[in-house]
Each structure stands twice: as C-alpha cells, then as structure tokens.
Amino acid sequence: MSQNTTSRRSVLLGSLAAAATAGTLSACGGDSATGGGNADAITFWLSASEAQAKGYYDLADAFEAAEGITVEIVNVPYEGYQTKLRQAAQADSLPDVASAPSLDPIWTNKLQDLKAVATSTTNKIDSKLYQETDDGKILTIPSDITAAGLFVNASLFQQAGVAYPTDPASTWTWDEFLAAAAQVRTATGAKYDLVYDASPARIRAFVYEHGAKGFQLNSEGTEYSVDDATVEALQKFVDLNDDVVMPKSVWTSGADPNALFKSGQVVAYFSGVWQVADFADSITQFQWAAVPTPAQPTHATDINSGGKIVAFDNGDTKDAAMKFVEFLFEPANYARVAATNGWLPVENELDITYPGTNQAALDGYALYQQEIALADPISTSGSDAGEKLTLAGKAITTDPTKDEMGKAINGQQTVQQTVDNIVELLNQQIA
C-alpha cells in the first residue's frame, strides 16, 4: 500500500505543527485512561525526510501483514520534536514507539527495556552503540549510524579542472580543501566556496578535525569545559563566514544550506550521510559527490545515531510496541529498512544492497563507512555525553551552540565570549 493512500498510518504534521497545547497532542498518542490505545494499533513517531522514512512505511505494511497490528506513522518536523515529546509525556499521550533525536529524563521512566533486542545474538547489534542503565536496562537502540561529512559539486570541479580526493585514507587538510574550493569558485563563477549546516553536531566535526576537543563533559558528568584549541578552531570557522567563502546567512538568519547547494552555485556542502538518499533523488542538474572529510590534523567527524528507537509502556499497547521493535531489528527486516532509508547499519555482518543505480549514492555509502572506520574516538564523544547525562537524569534540552555562534559570526560578540557563554549555558542545564 502506498504512502499516499494510507491515511490511517501516514499522518502529515500540519495539525501537529499547529498544535499549541498538550491537549491537542493527546489525540496522537496513547490515552492513560485506556492504557495507551487498542492492542491492534500502535503509533510511531519519527522525524525524517521522505527519502529516509520510506523504509518505515514499508516495514509498517509488513508488520501489519505479519501481526495484524496497524502502525500509525507520524512524521514530526525536526524543529520542536523534542518539545512535542515532552508535551506528550506531560499529557500522558506518548506514542507507543518513537525514533527520538535523544532521550529525555522527563519520559525515560516510561520506557520499556530493550535489552533482549539489543543483545540478541541473532541481531548482532554493535555493543558500542548502546549504554546500560545502572540497573542493567537498555532503554534505546540507535536506528542507524550517522556521520558528518563533505559533499562537492563535482560538475564545478570538473569545469575548473580541479581534482578532489576519493580515498578517506589519503584525505586533504582543511587548508587544502579551502584552496581548491576557492580555485573552483573563481574559475566557474560560483557564488560561495562552502555552505555548512548550522548545527552543534556539525561544528563538533570541524573542531575535532582541527585537533581540538570541543565542549567536553567531565567523567563525573557534572561539568563541561573547553580547551584553547577549540577557541582557535571556532575563530577560524567564524572568519570563514565572510560572505565569500561561506554565507553568513546560514548561521545568522536561517538560510537553508541544502537549498543553496542544490542551486548549483555552491562548490561544497558540509552536512552528513543522510543527504546521500536525498541527493540521489533530488539533484539532477549537476553531478555531486561525497568526498573525504578534511583532516587538520585529526581524522575525525561527528558520529551519532540517526534516531534512538524507544518503546513506551502505554499499558494495552505495550506488547504490540515491543513486537514492532523486535520486528524492526530482525536482520532481514532491518536490512531492507536500512537499504531503503539509506542507513549506515547498527547491525554487524549485515549485507545491505542499496537500491537504485545512482553511482554517486553508492559511492557515498561506501565512503561514509570508510570514514567511520578511520574516525578518531573523539568523534563519538558528543553523542556519548548526551546519553550519559540522560541516564543520570539530566539533559541538555537547549544546545546554545548554534545561537551563540550566530552572534559571533554576526559580530555581536567575540569567539572567546561565545565559548564562555556556551560553557555557562550548558553547565546551567546540568547543575
């Protein structure tokens, strides 16, 4: 059954995006008075592009055929998703299953233990990708692995006669990349050298690659601190936002870097593996390529999970929710979802054949797997810190990095002031 015809399963988020109260949200989740809804139907919330959601719709069809349980999929806009989950928790109207951006202490006590799924010798889920609570539970399993990385407009490079590396083991430095991008821009009349996602996770990659540690949580999970090398790296990033190398508008006023790159007027785009599936479908006017991430001096990226799969204990639907999670991670099912959604898998020894004949996409998936294998261990530290805080009953509910960096790029404060503000605002949230 197609996505467009399954209105009972595919909820377009116009109504949720407009929801102003938890009461409105309660229509989409379980109901505490009825134990979470009917056992023959469950709700599943996620936030993904259509290209990275299709596999879930196919999975829901297969699950309904196998178990007789309908899955209502709700695709929530990423901005505000965490808030909607919080509101749903406060209203006792959480979904039955979710692919959440991160855990939240306000609803972790409502989660089912996924340890049997995570540790199944059949599933072969990489044990480095989940953490146990103090009482031995595993509350979430990543749906997939993500990594930040670089894309180029290969047509512009070809037009300019400039080469780019293809092997992550022999990558370029940031200075070499920037010199090449400037050469391409000058030769082709492109508008910018680079656009860069306005994201704390993506800026972590830039910092790590420059040999800095970024905003690191101490071993006790009580305080963030920053090293001098991070200040230097962030100063370099701010300086690059000069409306020649990079447009200031992405970090200061919300310009869409994805759209700018797709316009064909930008030499390169720093984003992540999730773009591969989208670019394969949407970019037709020029050739694009995923290329090795610059390293200066550290070969690193930001490794995270594309989503954290959780199952809520909503009474009557508890068992059905668990069945759906088990069904998702059965290797044959998971391989199909991963291939369709363009995921890097969390399960080992899995043979994934990505669909289509777009060679740039197939090369991109292979490159990102190489990048992850070569990445310095610091690449997972941001994700690890978030999980550590949540399991301790704490959370960074509002990461100040994007807003504070925007102020620095806009000339409203120095980079040192920016760093000091970020550390202070992070520590206030975990005090």
# chains A, B, ... in the order shown; residues from 1 in each chain; ligands from 1
>>> select_by_dssp(residues="range 177-278 of chain A", states="strand (DSSP E)", output="list in words")
Tyr192, Asp193, Leu194, Val195, Tyr196, Gln216, Leu217, Tyr224, Ser225, Val266, Val267, Ala268, Tyr269, Phe270, Ser271 and Gly272 of chain A
>>> closest_atom_pairs(of="range 41-144 of chain A", to="range 339-360 of chain A", cutoff="7 Å", atoms="only C-alpha atoms", output="CSV")
residue,atom,partner,partner_atom,distance
A:Ala51,CA,A:Asn341,CA,6.1
A:Gln52,CA,A:Asn341,CA,4.2
A:Ala53,CA,A:Asn341,CA,6.1
A:Lys54,CA,A:Asn341,CA,6.3
A:Gly55,CA,A:Thr340,CA,5.1
A:Asn123,CA,A:Glu347,CA,6.5
A:Lys124,CA,A:Glu347,CA,5.3
A:Ile125,CA,A:Glu347,CA,4.2
A:Asp126,CA,A:Glu347,CA,5.8
A:Ser143,CA,A:Val346,CA,7.0
A:Asp144,CA,A:Pro345,CA,5.2
>>> residues_around(residues="range 246-256 of chain A", least_positions_apart="5", cutoff="7 Å", atoms="only C-alpha atoms", output="number ranges by chain")
A: 192-195, 198, 240-241, 406, 409-410
>>> select_by_dssp(residues="range 181-348 of chain A", states="alpha helix (DSSP H)", output="count of residues only")
73
>>> residues_around(residues="Tyr196 in chain A", least_positions_apart="5", cutoff="12 Å", atoms="only C-alpha atoms", output="JSON, numbers by chain")
{"A": [148, 149, 150, 151, 152, 201, 202, 203, 205, 206, 237, 238, 240, 241, 245, 246, 247, 248, 249, 250, 251, 254, 255, 256, 257, 258, 259, 260, 261, 266, 267, 268, 269, 270, 271, 272, 402]}
>>> residues_around(residues="Lys137 in chain A", least_positions_apart="2", cutoff="9 Å", atoms="only C-alpha atoms", output="JSON, numbers by chain")
{"A": [112, 113, 114, 115, 131, 132, 133, 134, 135, 139]}
>>> closest_residue(among="A:Ala361, A:Met405, A:Ala48, A:Ile283", to="Thr418 in chain A", atoms="only C-alpha atoms")
A:Met405
